[in-house]
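Data file: coords.cif. Format and content: mmCIF, C-alpha atoms.
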```cif
data_start
#
loop_
_atom_site.label_atom_id
_atom_site.label_comp_id
_atom_site.auth_asym_id
_atom_site.auth_seq_id
_atom_site.Cartn_x
_atom_site.Cartn_y
_atom_site.Cartn_z
CA MET A 838 163.37 60.52 83.35
CA ILE A 839 165.56 62.49 85.77
CA PHE A 840 163.96 65.76 84.65
CA LEU A 841 160.46 64.37 85.20
CA ILE A 842 161.37 63.25 88.72
CA LEU A 843 162.94 66.64 89.48
CA GLU A 844 159.85 68.44 88.16
CA HIS A 845 157.61 66.19 90.27
CA ILE A 846 159.66 66.94 93.39
CA LEU A 847 159.80 70.69 92.81
CA ILE A 848 156.08 71.14 92.21
CA HIS A 849 155.13 69.11 95.27
CA ILE A 850 157.61 71.00 97.47
CA SER A 851 156.25 74.35 96.28
CA PHE A 852 152.64 73.22 96.76
CA SER A 853 153.41 71.92 100.26
CA ILE A 854 155.05 75.20 101.25
CA VAL A 855 152.23 77.38 99.97
CA SER A 856 149.68 75.10 101.68
CA LEU A 857 151.59 75.60 104.93
CA VAL A 858 151.47 79.36 104.39
CA ILE A 859 147.69 79.27 103.99
CA SER A 860 147.31 77.04 107.06
CA ILE A 861 149.30 79.47 109.22
CA ARG A 862 147.23 82.36 107.91
CA PHE A 863 143.96 80.63 108.80
CA PHE A 864 145.33 79.74 112.22
CA ASN A 865 146.29 83.36 112.84
CA LEU A 866 142.89 84.49 111.63
CA LEU A 867 140.79 82.04 113.67
CA VAL A 868 142.85 81.62 116.83
CA THR A 869 145.56 84.17 117.48
CA GLU A 870 148.44 85.78 115.65
CA PHE A 871 152.01 84.76 116.35
CA ILE A 872 154.54 87.15 114.88
CA LYS A 873 157.31 84.66 114.22
CA PRO A 874 155.19 82.00 112.45
CA TYR A 875 153.54 84.76 110.42
CA GLU A 876 156.91 86.11 109.30
CA LEU A 877 158.02 82.55 108.58
CA SER A 878 154.95 81.99 106.41
CA GLU A 879 155.75 85.15 104.46
CA LYS A 880 159.39 84.28 103.91
CA SER A 881 158.54 80.70 102.97
CA MET A 882 157.05 81.97 99.70
CA ILE A 883 160.60 82.72 98.58
CA PRO A 884 161.53 79.01 98.32
CA THR A 885 158.15 78.47 96.63
CA PHE A 886 159.14 81.01 94.00
CA LEU A 887 162.56 79.36 93.61
CA CYS A 888 160.99 75.90 93.24
CA LEU A 889 158.61 77.14 90.55
CA THR A 890 161.50 78.88 88.80
CA GLY A 891 163.50 75.66 88.88
CA LEU A 892 160.49 73.74 87.59
CA LEU A 893 160.05 76.08 84.62
CA VAL A 894 163.76 75.99 83.80
CA THR A 895 163.81 72.19 84.06
CA ARG A 896 160.81 71.84 81.78
CA TRP A 897 162.36 74.34 79.35
CA ILE A 898 165.55 72.28 79.15
CA TYR A 899 164.05 68.86 78.46
CA SER A 900 161.12 70.08 76.32
CA GLY A 901 163.28 72.29 74.12
CA HIS A 902 160.88 75.25 74.23
CA PHE A 903 159.74 77.87 76.70
CA PRO A 904 157.15 76.20 79.01
CA LEU A 905 154.04 78.09 77.92
CA SER A 906 152.61 75.78 75.29
CA ASP A 907 149.69 74.16 77.15
CA LEU A 908 147.26 74.74 79.98
CA TYR A 909 149.40 72.93 82.55
CA GLU A 910 152.47 75.04 81.78
CA SER A 911 150.50 78.27 81.70
CA LEU A 912 149.01 77.48 85.13
CA ILE A 913 152.48 76.84 86.52
CA PHE A 914 153.66 80.12 85.01
CA LEU A 915 150.61 81.84 86.50
CA SER A 916 151.55 80.42 89.92
CA TRP A 917 155.10 81.64 89.38
CA SER A 918 153.80 85.12 88.49
CA LEU A 919 151.59 85.22 91.59
CA SER A 920 154.46 84.13 93.81
CA LEU A 921 156.63 86.85 92.25
CA ILE A 922 153.98 89.47 93.06
CA HIS A 923 153.81 88.00 96.57
CA ILE A 924 157.55 88.53 97.10
CA VAL A 925 157.31 92.12 95.86
CA ALA A 926 154.35 92.71 98.19
CA TYR A 927 156.31 91.20 101.07
CA PHE A 928 159.24 93.56 100.60
CA LYS A 929 156.76 96.43 100.26
CA LYS A 930 155.22 95.36 103.61
CA ASN A 931 151.80 94.85 102.01
CA LYS A 932 150.16 91.99 103.93
CA ASN A 933 146.81 92.40 102.16
CA LEU A 934 148.19 91.69 98.69
CA SER A 935 150.46 88.87 99.89
CA ALA A 936 147.49 87.10 101.50
CA ILE A 937 145.67 87.16 98.17
CA THR A 938 148.63 86.05 96.08
CA SER A 939 149.55 83.14 98.37
CA SER A 940 145.96 81.83 98.28
CA SER A 941 145.76 82.23 94.51
CA THR A 942 149.11 80.45 94.08
CA MET A 943 147.83 77.47 96.04
CA PHE A 944 144.61 77.20 94.01
CA THR A 945 146.34 77.47 90.62
CA GLN A 946 148.98 74.92 91.59
CA GLY A 947 146.33 72.62 92.99
CA PHE A 948 144.41 72.69 89.74
CA ALA A 949 147.57 72.28 87.66
CA THR A 950 148.52 69.11 89.51
CA SER A 951 145.00 67.70 89.62
CA SER A 952 143.94 64.56 87.78
CA LEU A 953 142.08 66.69 85.21
CA LEU A 954 145.37 67.68 83.59
CA ASN A 955 147.23 64.37 83.85
CA GLU A 956 147.19 63.91 80.09
CA ILE A 957 148.98 67.18 79.33
CA GLN A 958 151.51 67.29 82.14
CA LYS A 959 154.09 65.66 79.87
CA PRO A 960 155.57 68.13 77.36
CA GLY A 961 154.59 67.67 73.72
CA ILE A 962 155.73 68.92 70.34
CA LEU A 963 154.75 72.48 69.55
CA VAL A 964 152.23 73.04 66.79
CA PRO A 965 153.62 75.15 63.88
CA ALA A 966 151.79 78.30 64.99
CA LEU A 967 153.60 78.23 68.34
CA GLN A 968 157.06 77.69 66.90
CA SER A 969 157.94 81.36 67.03
CA GLU A 970 160.14 83.68 69.06
CA TRP A 971 156.99 85.65 69.87
CA LEU A 972 155.82 82.80 72.13
CA ILE A 973 157.84 84.04 75.10
CA MET A 974 156.97 87.71 74.62
CA HIS A 975 153.26 87.36 73.98
CA VAL A 976 152.26 84.58 76.36
CA SER A 977 154.45 85.67 79.26
CA MET A 978 153.01 89.20 79.09
CA MET A 979 149.47 87.83 78.99
CA ILE A 980 149.98 85.51 81.97
CA LEU A 981 151.73 88.23 83.97
CA SER A 982 148.82 90.54 83.21
CA TYR A 983 146.32 87.89 84.38
CA ALA A 984 148.24 87.48 87.65
CA ALA A 985 148.40 91.23 88.33
CA LEU A 986 144.80 91.91 87.27
CA LEU A 987 143.48 89.00 89.35
CA GLY A 988 145.35 90.24 92.41
CA GLY A 989 144.23 93.82 91.90
CA SER A 990 140.63 92.75 91.32
CA LEU A 991 140.57 90.77 94.56
CA LEU A 992 141.96 93.80 96.39
CA SER A 993 139.13 95.87 94.91
CA ALA A 994 136.61 93.27 96.06
CA ALA A 995 138.08 93.43 99.58
CA PHE A 996 137.89 97.23 99.38
CA LEU A 997 134.17 97.00 98.60
CA VAL A 998 133.56 94.60 101.49
CA PHE A 999 135.30 96.78 104.08
CA THR A 1000 133.73 99.96 102.71
CA PHE A 1001 130.26 98.42 102.89
CA ARG A 1002 130.87 97.19 106.44
CA LYS A 1003 132.14 100.60 107.50
CA LYS A 1004 129.07 102.37 106.13
CA SER A 1005 126.65 99.81 107.55
CA ASN A 1006 128.22 100.02 111.02
CA ARG A 1007 128.49 103.83 111.11
CA PHE A 1008 125.04 104.25 112.66
CA LEU A 1009 125.78 101.63 115.33
CA LYS A 1010 129.08 103.29 116.20
CA ASN A 1011 127.45 106.69 116.51
CA PHE A 1012 124.77 105.18 118.72
CA SER A 1013 127.41 103.60 120.96
CA VAL A 1014 129.18 106.95 121.37
CA ASP A 1015 125.87 108.62 122.27
CA GLU A 1016 125.28 106.02 124.95
CA ILE A 1017 128.74 106.51 126.39
CA GLN A 1018 128.17 110.25 126.73
CA TYR A 1019 125.49 109.62 129.35
CA SER A 1020 128.01 107.92 131.62
CA ASN A 1021 129.20 109.82 134.69
CA ASP A 1022 132.62 108.18 134.67
CA LYS A 1023 134.92 110.35 132.58
CA SER A 1024 137.55 107.64 132.37
CA ILE A 1025 135.04 105.27 130.76
CA ILE A 1026 134.10 107.99 128.29
CA LEU A 1027 137.70 108.58 127.27
CA THR A 1028 138.50 104.86 127.10
CA HIS A 1029 135.56 103.87 124.91
CA THR A 1030 135.79 106.93 122.70
CA SER A 1031 139.48 106.33 122.17
CA PHE A 1032 138.85 102.67 121.37
CA LEU A 1033 136.18 103.49 118.80
CA SER A 1034 138.23 106.23 117.18
CA ASP A 1035 141.34 104.01 116.98
CA LYS A 1036 139.35 101.16 115.49
CA ASN A 1037 137.75 103.50 112.98
CA TYR A 1038 141.15 105.00 112.13
CA TYR A 1039 142.78 101.66 111.39
CA LYS A 1040 139.83 100.53 109.31
CA SER A 1041 140.01 103.75 107.30
CA GLN A 1042 143.72 103.19 106.79
CA LEU A 1043 143.05 99.63 105.61
CA ILE A 1044 140.42 100.81 103.12
CA GLN A 1045 142.79 103.45 101.74
CA GLN A 1046 145.58 100.90 101.37
CA LEU A 1047 143.30 98.45 99.56
CA ASP A 1048 142.20 101.16 97.14
CA PHE A 1049 145.76 102.40 96.60
CA TRP A 1050 147.34 98.99 96.00
CA SER A 1051 144.52 97.70 93.82
CA TYR A 1052 145.02 100.73 91.57
CA ARG A 1053 148.78 100.22 91.38
CA VAL A 1054 148.60 96.48 90.72
CA ILE A 1055 145.83 96.80 88.13
CA SER A 1056 147.77 99.59 86.39
CA LEU A 1057 150.76 97.26 86.12
CA GLY A 1058 148.55 94.43 84.87
CA PHE A 1059 146.96 96.72 82.30
CA LEU A 1060 150.41 97.62 80.99
CA PHE A 1061 151.29 93.92 80.67
CA LEU A 1062 147.95 93.21 78.98
CA THR A 1063 148.44 96.00 76.45
CA THR A 1064 151.94 94.75 75.65
CA GLY A 1065 150.63 91.19 75.32
CA ILE A 1066 147.83 92.16 72.94
CA ILE A 1067 150.15 94.24 70.74
CA SER A 1068 152.80 91.51 70.58
CA GLY A 1069 150.06 88.96 69.90
CA ALA A 1070 148.82 91.04 66.96
CA VAL A 1071 152.31 91.15 65.47
CA TRP A 1072 152.69 87.40 65.98
CA ALA A 1073 149.27 86.77 64.41
CA ASN A 1074 150.25 88.73 61.34
CA GLU A 1075 153.34 86.54 60.93
CA ALA A 1076 151.50 83.28 61.56
CA TRP A 1077 148.08 83.92 59.97
CA GLY A 1078 148.63 86.97 57.76
CA SER A 1079 146.33 89.26 59.74
CA TYR A 1080 146.86 91.42 62.81
CA TRP A 1081 143.30 90.86 64.08
CA SER A 1082 140.85 88.11 63.13
CA TRP A 1083 138.07 88.58 65.72
CA ASP A 1084 138.88 85.16 67.12
CA PRO A 1085 136.99 84.35 70.39
CA LYS A 1086 140.25 84.56 72.34
CA GLU A 1087 141.05 87.92 70.77
CA ILE A 1088 137.55 89.23 71.41
CA TRP A 1089 137.65 88.34 75.11
CA ALA A 1090 141.17 89.76 75.44
CA PHE A 1091 139.83 93.01 73.97
CA ILE A 1092 136.82 92.90 76.34
CA THR A 1093 139.21 92.40 79.27
CA TRP A 1094 141.29 95.35 78.07
CA MET A 1095 138.20 97.54 77.78
CA ILE A 1096 136.94 96.62 81.26
CA PHE A 1097 140.18 97.64 82.93
CA ALA A 1098 140.54 100.71 80.71
CA ILE A 1099 137.15 101.77 82.07
CA TYR A 1100 138.40 101.00 85.58
CA LEU A 1101 141.44 103.24 85.13
CA HIS A 1102 139.32 106.02 83.62
CA ILE A 1103 136.89 105.96 86.55
CA ARG A 1104 139.65 105.54 89.13
CA THR A 1105 141.57 108.60 87.88
CA ASN A 1106 138.40 110.72 87.77
CA LYS A 1107 138.33 112.65 91.04
CA ASN A 1108 134.58 113.24 90.74
CA CYS A 1109 133.79 109.52 90.86
CA PRO A 1110 133.82 107.63 94.17
CA SER A 1111 136.32 104.80 94.48
CA GLU A 1112 133.50 102.29 94.95
CA ASN A 1113 132.52 102.68 91.28
CA SER A 1114 135.94 101.71 89.98
CA ALA A 1115 136.15 98.85 92.49
CA LEU A 1116 132.87 97.46 91.15
CA VAL A 1117 134.29 97.49 87.63
CA ALA A 1118 137.46 95.72 88.79
CA THR A 1119 135.43 93.08 90.65
CA PHE A 1120 133.43 92.43 87.50
CA GLY A 1121 136.71 92.27 85.61
CA PHE A 1122 137.80 89.37 87.85
CA MET A 1123 135.21 87.13 86.19
CA ILE A 1124 136.07 88.43 82.72
CA ILE A 1125 139.73 87.47 83.22
CA TRP A 1126 138.84 83.87 83.98
CA ILE A 1127 136.54 83.72 80.95
CA CYS A 1128 139.35 85.07 78.76
CA TYR A 1129 142.05 82.86 80.23
CA PHE A 1130 140.22 79.62 80.89
CA GLY A 1131 136.62 79.73 79.74
CA VAL A 1132 137.34 80.40 76.06
CA ASN A 1133 139.85 77.54 75.95
CA LEU A 1134 137.14 75.08 77.01
CA LEU A 1135 135.21 75.82 73.82
CA GLY A 1136 138.10 74.69 71.62
CA ILE A 1137 137.02 76.85 68.66
CA GLY A 1138 138.64 79.54 66.56
CA LEU A 1139 142.26 80.15 65.65
CA HIS A 1140 143.22 79.43 69.25
CA SER A 1141 141.55 76.01 69.17
CA TYR A 1142 144.87 74.50 70.24
CA GLY A 1143 144.31 76.44 73.45
CA SER A 1144 141.97 73.85 74.98
CA PHE A 1145 143.07 71.10 77.33
CA THR A 1146 145.82 70.12 74.96
CA LEU A 1147 147.65 73.27 73.92
CA THR A 1148 147.20 76.96 74.65
CA SER A 1149 148.88 80.19 73.59
CA SER A 1150 147.56 82.61 76.16
#
```
Exercise: express the given structure as structure tokens:
Amino acid sequence: MIFLILEHILIHISFSIVSLVISIRFFNLLVTEFIKPYELSEKSMIPTFLCLTGLLVTRWIYSGHFPLSDLYESLIFLSWSLSLIHIVAYFKKNKNLSAITSSSTMFTQGFATSSLLNEIQKPGILVPALQSEWLIMHVSMMILSYAALLGGSLLSAAFLVFTFRKKSNRFLKNFSVDEIQYSNDKSIILTHTSFLSDKNYYKSQLIQQLDFWSYRVISLGFLFLTTGIISGAVWANEAWGSYWSWDPKEIWAFITWMIFAIYLHIRTNKNCPSENSALVATFGFMIIWICYFGVNLLGIGLHSYGSFTLTSS
């Protein structure tokens, strides 16, 4: 009973903190930016991470197994993974990635604590297939890969948006500069030209950062995904006597792996523009959710325990 109360307190504290972070971000975006509250919102994700860590440890203690056996626990672990990436992004001074991870953490926690998952929030007994030491290795790698790939995909989507806006506004900017050149006041010419060039410079820097960090985060997620699939194959051979059974979950994991392998191939090809790889990563965002959540809704195949009752990855 004490553990349940502690878990309830920790998850609501973490959700409240991350909701406050999002509120401050929207306030800064819509009204004005205050440095101190912004820094406070960034640092407040650290206690969120600690609360989620405490929640997972608490659930591990009183359930007797690593908390990755059902959809509720995997969502909490996904939130923990996103908050971990957020902290790394904060220390790397990457505000773009931290904005994405904090928002994603709030949504995953919100869904995990919703009434839809009330029936599975209490820990249950593991099915025989999950009673293995490979549970921690396989599922943790898969969830970490989902967190990194989701964050990287959203960065790629933001890259596409800013790139499109830059190209669509290029004609208007050139037209504005042409108009300024007809002015007789040299100070006005220098002021407006400087303003436009500075604005264009910072936007170019932002686009480069989005492309750079999306590539790095997706590369990390791809490494986790590869490790998760390999460890899952070894576990499947022990549990079912076959490394690969073309189960729906396995098929979509392979599709996800192929999508981001294509992304990395295009991204590392100097002859291909970055927009092409970003399009692949944006498409991969939907594939991840199908692999992680959509397949579980079907409740079929060897991972049928991965529906709203139990899940392996």
* Asked: Between A:Ala936, A:Leu1101, A:Val1132, A:Ile1055, which has the minimum distance to Asp1084 in chain A (counting all atoms listed in the file)?
  ->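 Using all atoms listed in the file, the shortest distance to Asp1084 in chain A belongs to A:Val1132.
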* So which residues get picked by the PyMOL selection byres ((chain A and resi 980-983) around 9) here, written as a VMD selection string? -> chain A and resid 911 to 912 914 to 915 918 to 919 975 to 979 984 to 988 1055 1057 to 1063 1065 1125 to 1126 1129 1150
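For the pair CA of Glu910 in chain A and CA of Gly1069 in chain A, the interatomic distance is 18.5 Å.
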* Which of A:Pro1110, A:Gly1121, A:Gly1078, A:Pro1085 sits closest to Leu991 in chain A [using only C-alpha atoms] ->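 Closest to Leu991 in chain A, using only C-alpha atoms: A:Gly1121.
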* Asked: So what do you get for CA of Ala1070 in chain A versus CA of Ala1098 in chain A, distance-wise?
  ->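 Atom-to-atom, CA of Ala1070 in chain A and CA of Ala1098 in chain A are spaced 18.7 Å apart.
Of the residues under consideration (A:Val1071, A:Val1117, A:Ile1103, A:Ile1124), A:Ile1124 shows the shortest atom-to-atom contact distance to Ile1088 in chain A when counting only C-alpha atoms.
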Once you add 4 Å to each side, what are the centre and edge lengths of the axis-aligned box holding all listed atoms of range 1060-1065 of chain A? One decimal in Å, as JSON, if you can.
```
{"center_x": 149.9, "center_y": 94.4, "center_z": 78.2, "size_x": 12.0, "size_y": 14.4, "size_z": 13.7}
```
* Work out how far CA of Pro904 in chain A is from CA of Ser969 in chain A, in Å to one decimal. => 13.1 Å
* **Residue nearest Tyr899 in chain A - candidates A:Ile839, A:Ile924, A:Ile1096, A:Ile1044, atoms counted: only C-alpha atoms** =>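 Result for the nearest residue to Tyr899 in chain A: A:Ile839.
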Pick out the residues sitting within 8 Å of Met882 in chain A, and hand them over as an mmCIF file with C-alpha atoms, keeping the file's coordinate frame; count all atoms listed in the file, and ignore anything fewer than 2 positions along from it in its own chain.
```
data_model
loop_
_atom_site.group_PDB
_atom_site.id
_atom_site.type_symbol
_atom_site.label_atom_id
_atom_site.label_comp_id
_atom_site.auth_asym_id
_atom_site.auth_seq_id
_atom_site.Cartn_x
_atom_site.Cartn_y
_atom_site.Cartn_z
ATOM 1 C CA ILE A 854 155.050 75.200 101.250
ATOM 2 C CA VAL A 855 152.230 77.380 99.970
ATOM 3 C CA VAL A 858 151.470 79.360 104.390
ATOM 4 C CA SER A 878 154.950 81.990 106.410
ATOM 5 C CA GLU A 879 155.750 85.150 104.460
ATOM 6 C CA LYS A 880 159.390 84.280 103.910
ATOM 7 C CA PRO A 884 161.530 79.010 98.320
ATOM 8 C CA THR A 885 158.150 78.470 96.630
ATOM 9 C CA PHE A 886 159.140 81.010 94.000
ATOM 10 C CA SER A 920 154.460 84.130 93.810
ATOM 11 C CA HIS A 923 153.810 88.000 96.570
ATOM 12 C CA ILE A 924 157.550 88.530 97.100
ATOM 13 C CA SER A 939 149.550 83.140 98.370
#
```
* Asked: With only C-alpha atoms as the basis for distance, which of A:Ile861, A:Leu908, A:Leu847, A:Ile922 is at the shortest distance from Leu889 in chain A?
  ->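 Under the stated criterion, the closest residue is A:Leu847.
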* Structure fact -> One residue among A:Ser916, A:Thr1119, A:Gln1042, A:Asn1108 is nearest to Leu997 in chain A when using all atoms listed in the file, and that residue is A:Thr1119
* Contact residues around Gly989 in chain A with all atoms listed in the file at 8 Å, ignoring same-chain residues under 4 positions, as a ChimeraX atom specification -> /A:985,993,1050-1055,1118
